[in-house]
>>> print(open('start23.csv').read())   # CSV, C-alpha atoms
chain,number,residue,atom,x,y,z
O,1431,MET,CA,147.0,-32.6,65.0
O,1432,ALA,CA,150.4,-33.2,63.5
O,1433,ARG,CA,153.1,-30.5,63.9
O,1434,SER,CA,153.4,-30.1,60.1
O,1435,ASP,CA,149.7,-29.4,59.8
O,1436,THR,CA,149.9,-26.7,62.5
O,1437,LYS,CA,152.8,-25.1,60.7
O,1438,ALA,CA,151.0,-25.2,57.3
O,1439,ARG,CA,147.9,-23.7,58.8
O,1440,MET,CA,149.9,-20.9,60.4
O,1441,VAL,CA,151.5,-20.1,57.0
O,1442,GLU,CA,148.1,-20.1,55.3
O,1443,ALA,CA,146.8,-17.8,58.0
O,1444,ALA,CA,149.7,-15.4,57.6
O,1445,LYS,CA,149.3,-15.4,53.8
O,1446,GLU,CA,145.7,-14.1,54.2
O,1447,SER,CA,146.7,-11.5,56.8
O,1448,PHE,CA,149.7,-10.3,54.8
O,1449,ARG,CA,147.3,-9.9,51.8
O,1450,LEU,CA,144.8,-8.0,53.8
O,1451,ARG,CA,146.9,-5.5,55.7
O,1452,GLY,CA,150.6,-6.2,55.1
O,1453,VAL,CA,153.3,-7.8,57.1
O,1454,THR,CA,154.1,-5.2,59.8
O,1455,ALA,CA,150.5,-4.8,60.8
O,1456,THR,CA,150.0,-8.5,61.2
O,1457,GLY,CA,150.6,-9.7,64.8
O,1458,PHE,CA,151.2,-13.3,65.8
O,1459,SER,CA,148.0,-13.2,67.9
O,1460,GLU,CA,146.0,-12.7,64.7
O,1461,ILE,CA,147.8,-15.7,63.1
O,1462,LEU,CA,147.2,-17.9,66.1
O,1463,GLU,CA,143.5,-17.0,66.0
O,1464,ARG,CA,143.1,-17.6,62.3
O,1465,SER,CA,145.0,-20.9,62.4
O,1466,GLY,CA,143.7,-22.2,65.7
O,1467,ALA,CA,147.4,-22.8,66.8
O,1468,ALA,CA,148.5,-22.6,70.4
O,1469,ARG,CA,150.8,-19.8,71.4
O,1470,GLY,CA,153.8,-22.2,71.8
O,1471,ALA,CA,153.5,-23.0,68.1
O,1472,ILE,CA,155.2,-19.7,67.2
O,1473,TYR,CA,158.4,-20.4,69.1
O,1474,HIS,CA,158.2,-24.1,68.0
O,1475,HIS,CA,157.8,-23.6,64.3
O,1476,PHE,CA,159.2,-20.1,63.8
O,1477,PRO,CA,161.9,-19.7,66.4
O,1478,SER,CA,163.5,-16.8,64.6
O,1479,GLY,CA,160.1,-14.9,64.6
O,1480,LYS,CA,158.3,-12.9,62.0
O,1481,ALA,CA,161.1,-12.9,59.4
O,1482,GLU,CA,161.1,-16.7,59.4
O,1483,LEU,CA,157.3,-16.8,59.1
O,1484,THR,CA,157.5,-14.3,56.2
O,1485,GLN,CA,160.0,-16.3,54.4
O,1486,ALA,CA,157.9,-19.4,54.8
O,1487,VAL,CA,154.9,-17.5,53.4
O,1488,ILE,CA,157.0,-16.5,50.4
O,1489,ALA,CA,158.3,-20.0,49.8
O,1490,SER,CA,154.9,-21.6,50.0
O,1491,THR,CA,153.3,-19.0,47.6
O,1492,ALA,CA,156.2,-19.4,45.2
O,1493,ALA,CA,155.7,-23.1,45.0
O,1494,ASP,CA,151.9,-23.0,44.7
O,1495,VAL,CA,152.0,-20.4,42.0
O,1496,SER,CA,154.8,-21.9,40.0
O,1497,GLY,CA,153.0,-25.2,40.0
O,1498,LEU,CA,149.9,-23.4,38.8
O,1499,ILE,CA,151.7,-21.6,36.0
O,1500,ARG,CA,153.3,-24.8,34.8
O,1501,ALA,CA,149.9,-26.6,34.7
O,1502,LEU,CA,148.3,-23.7,32.8
O,1503,PHE,CA,151.0,-23.8,30.2
O,1504,GLU,CA,150.8,-27.6,29.9
O,1505,GLN,CA,147.0,-27.4,29.4
O,1506,ALA,CA,147.0,-24.5,27.0
O,1507,GLU,CA,147.3,-24.7,23.3
O,1508,SER,CA,149.3,-21.5,23.0
O,1509,PRO,CA,151.2,-19.1,25.4
O,1510,LEU,CA,148.5,-16.6,24.8
O,1511,GLU,CA,145.9,-19.0,26.1
O,1512,ALA,CA,148.0,-19.8,29.2
O,1513,VAL,CA,148.6,-16.1,29.9
O,1514,ASP,CA,144.8,-15.4,29.5
O,1515,ALA,CA,144.1,-18.3,31.9
O,1516,MET,CA,146.6,-16.8,34.5
O,1517,LEU,CA,144.7,-13.5,34.3
O,1518,ASP,CA,141.3,-15.2,34.4
O,1519,LEU,CA,142.2,-16.9,37.7
O,1520,CYS,CA,143.2,-13.5,39.2
O,1521,ILE,CA,140.0,-11.9,37.8
O,1522,ALA,CA,137.8,-14.6,39.2
O,1523,ALA,CA,139.4,-14.3,42.6
O,1524,ALA,CA,139.3,-10.5,42.6
O,1525,ASP,CA,135.6,-10.5,41.6
O,1526,GLU,CA,134.8,-12.9,44.5
O,1527,ARG,CA,136.3,-10.4,46.9
O,1528,ASP,CA,135.6,-7.0,45.3
O,1529,GLY,CA,139.2,-6.6,44.2
O,1530,ASP,CA,140.4,-7.2,47.7
O,1531,LEU,CA,143.0,-9.6,46.5
O,1532,GLY,CA,146.7,-9.5,46.3
O,1533,CYS,CA,149.9,-11.5,46.3
O,1534,PRO,CA,151.4,-11.9,49.8
O,1535,ILE,CA,154.9,-11.6,48.4
O,1536,THR,CA,154.6,-8.0,47.3
O,1537,PRO,CA,154.0,-6.6,50.8
O,1538,ALA,CA,156.7,-9.0,52.2
O,1539,VAL,CA,159.2,-7.5,49.8
O,1540,LEU,CA,158.1,-3.9,50.2
O,1541,GLU,CA,158.1,-4.1,54.0
O,1542,ALA,CA,161.4,-6.1,54.2
O,1543,ASP,CA,163.2,-3.0,55.3
O,1544,GLY,CA,166.6,-4.3,54.0
O,1545,ASP,CA,166.2,-7.8,55.5
O,1546,ALA,CA,168.5,-9.7,53.0
O,1547,ALA,CA,166.9,-13.2,53.6
O,1548,THR,CA,163.4,-11.9,53.0
O,1549,LEU,CA,164.4,-10.0,49.8
O,1550,ALA,CA,166.3,-13.1,48.6
O,1551,ALA,CA,163.2,-15.3,49.2
O,1552,GLY,CA,161.1,-12.8,47.2
O,1553,HIS,CA,163.6,-12.7,44.4
O,1554,ARG,CA,163.6,-16.6,44.2
O,1555,ALA,CA,159.8,-16.6,44.0
O,1556,PHE,CA,159.6,-14.1,41.2
O,1557,ALA,CA,162.5,-15.7,39.4
O,1558,LEU,CA,160.8,-19.1,39.6
O,1559,TRP,CA,157.6,-17.7,38.1
O,1560,GLU,CA,159.5,-15.9,35.4
O,1561,ALA,CA,161.3,-19.1,34.6
O,1562,GLU,CA,158.0,-21.1,34.3
O,1563,VAL,CA,156.5,-18.5,32.0
O,1564,ALA,CA,159.7,-18.3,30.0
O,1565,ALA,CA,159.8,-22.1,29.6
O,1566,GLY,CA,156.2,-22.0,28.4
O,1567,LEU,CA,157.1,-19.3,25.8
O,1568,GLU,CA,160.2,-21.1,24.7
O,1569,GLY,CA,158.2,-24.3,24.3
O,1570,ALA,CA,156.0,-22.4,21.8
O,1571,GLY,CA,159.0,-21.2,19.8
O,1572,HIS,CA,160.0,-17.9,21.3
O,1573,ASP,CA,163.8,-17.5,21.5
O,1574,VAL,CA,165.4,-17.5,25.0
O,1575,SER,CA,166.2,-13.8,25.3
O,1576,ARG,CA,162.8,-12.7,24.1
O,1577,ALA,CA,161.0,-15.3,26.3
O,1578,GLY,CA,162.9,-14.0,29.3
O,1579,ALA,CA,162.0,-10.4,28.7
O,1580,LEU,CA,158.3,-11.3,28.0
O,1581,ALA,CA,158.1,-13.5,31.1
O,1582,THR,CA,159.3,-10.6,33.3
O,1583,LEU,CA,156.8,-8.3,31.7
O,1584,ILE,CA,153.9,-10.8,32.3
O,1585,VAL,CA,154.8,-11.4,35.9
O,1586,SER,CA,155.4,-7.7,36.6
O,1587,ALA,CA,152.1,-6.7,34.8
O,1588,ILE,CA,150.1,-9.2,36.9
O,1589,GLU,CA,151.7,-8.1,40.2
O,1590,GLY,CA,151.1,-4.5,39.3
O,1591,ALA,CA,147.5,-5.0,38.1
O,1592,LEU,CA,146.7,-6.8,41.4
O,1593,VAL,CA,147.8,-3.5,43.2
O,1594,LEU,CA,145.7,-1.4,40.8
O,1595,SER,CA,142.7,-3.7,41.3
O,1596,ARG,CA,143.1,-3.5,45.1
O,1597,ALA,CA,143.0,0.3,44.9
O,1598,GLU,CA,140.1,0.3,42.5
O,1599,ARG,CA,138.2,-2.4,44.5
O,1600,SER,CA,137.5,-4.0,41.1
O,1601,SER,CA,138.9,-6.5,38.7
O,1602,MET,CA,138.8,-3.9,35.9
O,1603,PRO,CA,142.6,-3.2,35.9
O,1604,LEU,CA,143.3,-7.0,35.7
O,1605,ARG,CA,140.7,-7.2,32.8
O,1606,ARG,CA,142.3,-4.3,30.9
O,1607,THR,CA,145.8,-5.8,31.5
O,1608,LYS,CA,144.5,-9.1,30.1
O,1609,ARG,CA,143.1,-7.4,27.0
O,1610,ALA,CA,146.3,-5.5,26.3
O,1611,LEU,CA,148.5,-8.6,26.8
O,1612,SER,CA,146.2,-10.6,24.5
O,1613,SER,CA,146.3,-8.0,21.7
O,1614,LEU,CA,150.1,-7.7,22.0
O,1615,LEU,CA,150.9,-11.4,22.2
O,1616,ALA,CA,148.4,-12.5,19.5
K,1024,MET,CA,160.0,28.4,57.8
K,1025,ALA,CA,156.5,28.8,56.3
K,1026,ARG,CA,153.9,26.3,57.3
K,1027,SER,CA,153.4,25.0,53.8
K,1028,ASP,CA,157.2,24.3,53.6
K,1029,THR,CA,157.1,22.2,56.7
K,1030,LYS,CA,154.1,20.2,55.5
K,1031,ALA,CA,155.8,19.6,52.1
K,1032,ARG,CA,159.0,18.5,53.8
K,1033,MET,CA,157.0,16.1,56.0
K,1034,VAL,CA,155.3,14.6,52.9
K,1035,GLU,CA,158.6,14.2,51.2
K,1036,ALA,CA,160.1,12.5,54.3
K,1037,ALA,CA,157.1,10.2,54.5
K,1038,LYS,CA,157.4,9.2,50.8
K,1039,GLU,CA,161.0,8.1,51.4
K,1040,SER,CA,160.1,6.2,54.6
K,1041,PHE,CA,157.1,4.5,53.0
K,1042,ARG,CA,159.3,3.5,50.1
K,1043,LEU,CA,162.0,2.1,52.4
K,1044,ARG,CA,159.9,0.1,54.9
K,1045,GLY,CA,156.2,0.6,54.3
K,1046,VAL,CA,153.5,2.7,55.9
K,1047,THR,CA,152.8,0.7,59.1
K,1048,ALA,CA,156.5,0.5,60.1
K,1049,THR,CA,157.0,4.3,59.6
K,1050,GLY,CA,156.5,6.2,62.8
K,1051,PHE,CA,155.9,10.0,63.1
K,1052,SER,CA,159.1,10.3,65.0
K,1053,GLU,CA,161.0,9.2,61.9
K,1054,ILE,CA,159.2,11.7,59.8
K,1055,LEU,CA,159.9,14.5,62.2
K,1056,GLU,CA,163.6,13.5,62.2
K,1057,ARG,CA,163.8,13.3,58.4
K,1058,SER,CA,161.9,16.5,57.8
K,1059,GLY,CA,163.3,18.6,60.7
K,1060,ALA,CA,159.7,19.5,61.8
K,1061,ALA,CA,158.7,20.1,65.4
K,1062,ARG,CA,156.4,17.5,67.1
K,1063,GLY,CA,153.5,19.9,67.0
K,1064,ALA,CA,153.6,19.9,63.2
K,1065,ILE,CA,152.0,16.5,63.2
K,1066,TYR,CA,148.8,17.7,64.9
K,1067,HIS,CA,148.9,21.0,63.0
K,1068,HIS,CA,149.3,19.6,59.5
K,1069,PHE,CA,147.8,16.2,59.8
K,1070,PRO,CA,145.2,16.4,62.6
K,1071,SER,CA,143.6,13.1,61.5
K,1072,GLY,CA,146.9,11.3,61.8
K,1073,LYS,CA,148.7,8.7,59.7
K,1074,ALA,CA,145.8,8.1,57.2
K,1075,GLU,CA,145.8,11.8,56.4
K,1076,LEU,CA,149.5,11.9,55.9
K,1077,THR,CA,149.3,8.8,53.7
K,1078,GLN,CA,146.7,10.4,51.5
K,1079,ALA,CA,148.9,13.5,51.2
K,1080,VAL,CA,151.8,11.3,50.1
K,1081,ILE,CA,149.6,9.6,47.5
K,1082,ALA,CA,148.2,12.9,46.2
K,1083,SER,CA,151.7,14.5,45.9
K,1084,THR,CA,153.2,11.4,44.2
K,1085,ALA,CA,150.2,11.3,41.8
K,1086,ALA,CA,150.7,14.9,40.8
K,1087,ASP,CA,154.5,14.7,40.4
K,1088,VAL,CA,154.4,11.5,38.3
K,1089,SER,CA,151.4,12.5,36.1
K,1090,GLY,CA,153.3,15.8,35.3
K,1091,LEU,CA,156.3,13.7,34.4
K,1092,ILE,CA,154.4,11.3,32.2
K,1093,ARG,CA,152.8,14.2,30.3
K,1094,ALA,CA,156.2,15.9,29.8
K,1095,LEU,CA,157.7,12.6,28.5
K,1096,PHE,CA,154.9,12.1,26.0
K,1097,GLU,CA,155.1,15.8,24.9
K,1098,GLN,CA,158.9,15.5,24.3
K,1099,ALA,CA,158.9,12.0,22.7
K,1100,GLU,CA,158.5,11.5,19.0
K,1101,SER,CA,156.4,8.3,19.5
K,1102,PRO,CA,154.6,6.5,22.4
K,1103,LEU,CA,157.3,3.9,22.3
K,1104,GLU,CA,160.0,6.6,22.9
K,1105,ALA,CA,157.9,8.0,25.8
K,1106,VAL,CA,157.4,4.5,27.5
K,1107,ASP,CA,161.2,3.8,27.0
K,1108,ALA,CA,161.9,7.2,28.7
K,1109,MET,CA,159.5,6.3,31.7
K,1110,LEU,CA,161.4,3.0,32.2
K,1111,ASP,CA,164.8,4.7,31.7
K,1112,LEU,CA,164.0,7.1,34.6
K,1113,CYS,CA,163.1,4.1,36.8
K,1114,ILE,CA,166.2,2.2,35.8
K,1115,ALA,CA,168.5,5.1,36.5
K,1116,ALA,CA,166.9,5.7,39.9
K,1117,ALA,CA,167.1,2.0,40.7
K,1118,ASP,CA,170.8,1.8,39.6
K,1119,GLU,CA,171.6,4.7,41.9
K,1120,ARG,CA,170.2,2.8,44.8
K,1121,ASP,CA,170.9,-0.9,44.0
K,1122,GLY,CA,167.3,-1.5,43.2
K,1123,ASP,CA,166.2,-0.1,46.5
K,1124,LEU,CA,163.5,2.0,44.9
K,1125,GLY,CA,159.8,1.9,44.8
K,1126,CYS,CA,156.6,3.8,44.5
K,1127,PRO,CA,155.2,5.0,47.8
K,1128,ILE,CA,151.6,4.4,46.6
K,1129,THR,CA,151.9,0.6,46.3
K,1130,PRO,CA,152.6,0.1,50.1
K,1131,ALA,CA,150.0,2.7,51.0
K,1132,VAL,CA,147.4,0.7,49.0
K,1133,LEU,CA,148.5,-2.7,50.3
K,1134,GLU,CA,148.6,-1.6,53.9
K,1135,ALA,CA,145.4,0.4,53.7
K,1136,ASP,CA,143.6,-2.4,55.6
K,1137,GLY,CA,140.2,-1.4,54.1
K,1138,ASP,CA,140.6,2.3,54.7
K,1139,ALA,CA,138.3,3.6,52.0
K,1140,ALA,CA,139.8,7.1,51.7
K,1141,THR,CA,143.3,5.8,51.3
K,1142,LEU,CA,142.2,3.2,48.6
K,1143,ALA,CA,140.3,5.9,46.8
K,1144,ALA,CA,143.3,8.2,46.8
K,1145,GLY,CA,145.4,5.3,45.4
K,1146,HIS,CA,142.8,4.6,42.7
K,1147,ARG,CA,142.8,8.3,41.7
K,1148,ALA,CA,146.6,8.3,41.4
K,1149,PHE,CA,146.7,5.2,39.2
K,1150,ALA,CA,143.7,6.4,37.1
K,1151,LEU,CA,145.5,9.7,36.6
K,1152,TRP,CA,148.6,8.0,35.3
K,1153,GLU,CA,146.6,5.6,33.1
K,1154,ALA,CA,144.8,8.6,31.7
K,1155,GLU,CA,148.1,10.4,30.9
K,1156,VAL,CA,149.5,7.4,29.2
K,1157,ALA,CA,146.2,6.7,27.3
K,1158,ALA,CA,146.1,10.4,26.1
K,1159,GLY,CA,149.7,10.0,24.8
K,1160,LEU,CA,148.8,6.8,23.0
K,1161,GLU,CA,145.6,8.3,21.5
K,1162,GLY,CA,147.6,11.3,20.4
K,1163,ALA,CA,149.7,8.9,18.3
K,1164,GLY,CA,146.6,7.3,16.7
K,1165,HIS,CA,145.7,4.4,19.0
K,1166,ASP,CA,141.9,4.0,19.4
K,1167,VAL,CA,140.4,4.9,22.8
K,1168,SER,CA,139.6,1.4,24.0
K,1169,ARG,CA,143.0,0.0,23.0
K,1170,ALA,CA,144.8,3.0,24.4
K,1171,GLY,CA,143.1,2.5,27.8
K,1172,ALA,CA,144.0,-1.2,28.0
K,1173,LEU,CA,147.6,-0.5,26.9
K,1174,ALA,CA,147.9,2.3,29.5
K,1175,THR,CA,146.8,0.0,32.3
K,1176,LEU,CA,149.3,-2.6,31.1
K,1177,ILE,CA,152.1,-0.1,31.1
K,1178,VAL,CA,151.4,1.4,34.5
K,1179,SER,CA,150.9,-2.1,36.0
K,1180,ALA,CA,154.1,-3.4,34.4
K,1181,ILE,CA,156.1,-0.5,35.8
K,1182,GLU,CA,154.6,-0.9,39.3
K,1183,GLY,CA,155.2,-4.6,39.2
K,1184,ALA,CA,158.8,-4.3,37.8
K,1185,LEU,CA,159.6,-1.9,40.7
K,1186,VAL,CA,158.7,-4.7,43.2
K,1187,LEU,CA,160.7,-7.3,41.3
K,1188,SER,CA,163.7,-4.9,41.1
K,1189,ARG,CA,163.4,-4.3,44.9
K,1190,ALA,CA,163.5,-8.0,45.6
K,1191,GLU,CA,166.4,-8.6,43.1
K,1192,ARG,CA,168.2,-5.5,44.3
K,1193,SER,CA,168.9,-4.7,40.7
K,1194,SER,CA,167.4,-2.8,37.8
K,1195,MET,CA,167.4,-6.0,35.7
K,1196,PRO,CA,163.6,-6.6,36.0
K,1197,LEU,CA,162.9,-3.0,34.9
K,1198,ARG,CA,165.4,-3.5,32.0
K,1199,ARG,CA,163.7,-6.8,30.9
K,1200,THR,CA,160.3,-5.1,31.2
K,1201,LYS,CA,161.5,-2.2,29.0
K,1202,ARG,CA,162.8,-4.6,26.4
K,1203,ALA,CA,159.6,-6.6,26.2
K,1204,LEU,CA,157.4,-3.5,26.0
K,1205,SER,CA,159.6,-2.0,23.3
K,1206,SER,CA,159.4,-5.1,21.2
K,1207,LEU,CA,155.6,-5.4,21.6
K,1208,LEU,CA,154.8,-1.7,21.1
K,1209,ALA,CA,157.2,-1.2,18.1
>>> encode(input="start23.csv", output="structure tokens")
Amino acid sequence: MARSDTKARMVEAAKESFRLRGVTATGFSEILERSGAARGAIYHHFPSGKAELTQAVIASTAADVSGLIRALFEQAESPLEAVDAMLDLCIAAADERDGDLGCPITPAVLEADGDAATLAAGHRAFALWEAEVAAGLEGAGHDVSRAGALATLIVSAIEGALVLSRAERSSMPLRRTKRALSSLLA
Amino acid sequence: MARSDTKARMVEAAKESFRLRGVTATGFSEILERSGAARGAIYHHFPSGKAELTQAVIASTAADVSGLIRALFEQAESPLEAVDAMLDLCIAAADERDGDLGCPITPAVLEADGDAATLAAGHRAFALWEAEVAAGLEGAGHDVSRAGALATLIVSAIEGALVLSRAERSSMPLRRTKRALSSLLA
């Protein structure tokens, strides 16, 4: 199997483990098991260790989700429809797993313990998503300053509702957040 | 020093450590050092170990913050003023610490790794805060269903904005979230 495939599988395995139990509690042995990679792959692909893997998880999640946000805004007839679609994706995924869903970036940021490169990667990810949402809002006529503030609210609300849903083991907090955003943005 | 004082100091020390680096990365030795408690205090006050301490941190934070939310709604002339005041408290605390602020319940939930008692404690905390915010909104004339949805949005948005502010090492995400909520709730 190509080296890049192994690396990508390790990143996907780490995303899942970070979501389930956080970064500190995730050992490389678990990532090797989940990804089917050989032990040497750690030193080969992530020579600087856990922080480097964590930053790769953040960058991969950032790119995937920003592409998704852009596609949803392109397909939607209004920003409200796009925001509803973002929440619907989270709700469907949470329902599939009894709320046991989350964003791998949140634990990476909260467990960074002052690691500047990890925090910066987290900030780039959130800023990218905020910029995609803001661009969608501006495209529908919101002015730049208002679009920026609304975009931060929307990204923050989804990140927070994922945490509430995890605690509640249910998609209900995501559903209530969707309802409130819908009524306010309508 | 009275036993209850020692326990309370250990809980406060754990809150700070959980905020700074998460639950898994926090060792009891750090909590003993921060709180000045003797080693025997762990087994005495938290015989079941880390999960019991984590649930005590969640319960203490839940009570403190719900009292604060209630007081802010009682003092405010409108729900908007109360929500602004909630965000202002977070912004001031974040500014004091270069954004290095957070809620200790979020890492506790995200690192619970399926521990049902810890998740239930997290759910009770968030539900308590949502109920306080919803009561404040209902008191100002919002109907029950709308108040419930808005309360979840407000609690989720603040929890999420705390994570974005941590990553950005700045209170700006909290400030943008405040601006967006103000404009939508006005």
>>> closest_atom_pairs(input="start23.csv", of="chain O", to="chain K", cutoff="7 Å", atoms="only C-alpha atoms", output="tab-separated table")
residue	atom	partner	partner_atom	distance
O:Leu1450	CA	K:Asp1136	CA	6.0
O:Arg1451	CA	K:Asp1136	CA	4.5
O:Gly1452	CA	K:Glu1134	CA	5.2
O:Thr1454	CA	K:Thr1047	CA	6.1
O:Ala1455	CA	K:Thr1047	CA	6.2
O:Thr1536	CA	K:Val1186	CA	6.7
O:Pro1537	CA	K:Leu1133	CA	6.8
O:Val1539	CA	K:Ala1190	CA	6.0
O:Leu1540	CA	K:Gly1045	CA	6.4
O:Glu1541	CA	K:Arg1044	CA	4.7
O:Ala1542	CA	K:Arg1044	CA	6.4
O:Asp1543	CA	K:Arg1044	CA	4.5
O:Leu1549	CA	K:Ala1190	CA	4.7
O:Ala1550	CA	K:Ala1190	CA	6.5
O:Gly1552	CA	K:Ala1190	CA	5.6
O:His1553	CA	K:Ala1190	CA	4.9
O:Phe1556	CA	K:Leu1187	CA	6.9
O:Ala1579	CA	K:Arg1199	CA	4.5
O:Leu1580	CA	K:Ala1203	CA	5.2
O:Thr1582	CA	K:Thr1200	CA	6.0
O:Leu1583	CA	K:Thr1200	CA	4.8
O:Ser1586	CA	K:Gly1183	CA	4.1
O:Ala1587	CA	K:Ala1180	CA	3.9
O:Glu1589	CA	K:Gly1183	CA	5.0
O:Gly1590	CA	K:Ser1179	CA	4.1
O:Ala1591	CA	K:Ser1179	CA	4.9
O:Val1593	CA	K:Thr1129	CA	6.6
O:Leu1594	CA	K:Phe1149	CA	6.9
O:Ala1597	CA	K:Leu1142	CA	4.8
O:Glu1598	CA	K:His1146	CA	5.1
O:Pro1603	CA	K:Thr1175	CA	6.4
O:Arg1606	CA	K:Ala1172	CA	4.6
O:Thr1607	CA	K:Leu1176	CA	4.8
O:Arg1609	CA	K:Ala1172	CA	6.3
O:Ala1610	CA	K:Ala1172	CA	5.2
O:Leu1614	CA	K:Leu1207	CA	6.0
>>> residues_around(input="start23.csv", residues="K:Phe1096", least_positions_apart="6", cutoff="10 Å", atoms="all atoms listed in the file", output="PyMOL selection string")
chain K and resi 1102-1106+1108-1109+1155-1156+1158-1160+1162-1163
>>> atom_distance(input="start23.csv", atom1="atom CA of K:Ala1060", atom2="atom CA of K:Arg1032")
8.1 Å
>>> atom_distance(input="start23.csv", atom1="atom CA of O:Glu1560", atom2="atom CA of O:Ala1443")
26.0 Å
>>> atom_distance(input="start23.csv", atom1="atom CA of K:Asp1107", atom2="atom CA of K:Leu1151")
19.3 Å
>>> decode(input="start23.csv", residues="stretch 1083-1089 of chain K", atoms="all heavy atoms", output="CSV table (one decimal), in the first residue's frame")
chain,number,residue,atom,x,y,z
K,1083,SER,N,-20.0,21.1,40.8
K,1083,SER,CA,-19.6,22.4,41.4
K,1083,SER,C,-19.8,23.5,40.3
K,1083,SER,O,-20.3,24.6,40.6
K,1083,SER,CB,-18.2,22.3,41.9
K,1083,SER,OG,-17.7,23.6,42.2
K,1084,THR,N,-19.2,23.3,39.1
K,1084,THR,CA,-19.3,24.3,38.0
K,1084,THR,C,-20.8,24.5,37.6
K,1084,THR,O,-21.2,25.6,37.4
K,1084,THR,CB,-18.5,23.8,36.8
K,1084,THR,OG1,-17.2,23.4,37.2
K,1084,THR,CG2,-18.5,24.8,35.7
K,1085,ALA,N,-21.6,23.4,37.6
K,1085,ALA,CA,-23.0,23.5,37.2
K,1085,ALA,C,-23.7,24.5,38.2
K,1085,ALA,O,-24.4,25.4,37.8
K,1085,ALA,CB,-23.6,22.2,37.2
K,1086,ALA,N,-23.4,24.3,39.5
K,1086,ALA,CA,-24.1,25.1,40.5
K,1086,ALA,C,-23.7,26.5,40.5
K,1086,ALA,O,-24.5,27.5,40.5
K,1086,ALA,CB,-23.9,24.5,41.9
K,1087,ASP,N,-22.3,26.8,40.4
K,1087,ASP,CA,-21.8,28.1,40.3
K,1087,ASP,C,-22.4,28.9,39.1
K,1087,ASP,O,-22.8,30.0,39.3
K,1087,ASP,CB,-20.3,28.1,40.2
K,1087,ASP,CG,-19.6,27.7,41.5
K,1087,ASP,OD1,-20.3,27.5,42.5
K,1087,ASP,OD2,-18.4,27.5,41.4
K,1088,VAL,N,-22.3,28.3,38.0
K,1088,VAL,CA,-22.7,29.0,36.8
K,1088,VAL,C,-24.3,29.2,36.7
K,1088,VAL,O,-24.7,30.2,36.3
K,1088,VAL,CB,-22.2,28.3,35.5
K,1088,VAL,CG1,-22.8,28.9,34.2
K,1088,VAL,CG2,-20.7,28.3,35.5
K,1089,SER,N,-25.0,28.2,37.2
K,1089,SER,CA,-26.5,28.4,37.2
K,1089,SER,C,-26.9,29.5,38.1
K,1089,SER,O,-27.8,30.3,37.8
K,1089,SER,CB,-27.2,27.1,37.5
K,1089,SER,OG,-27.1,26.8,38.8
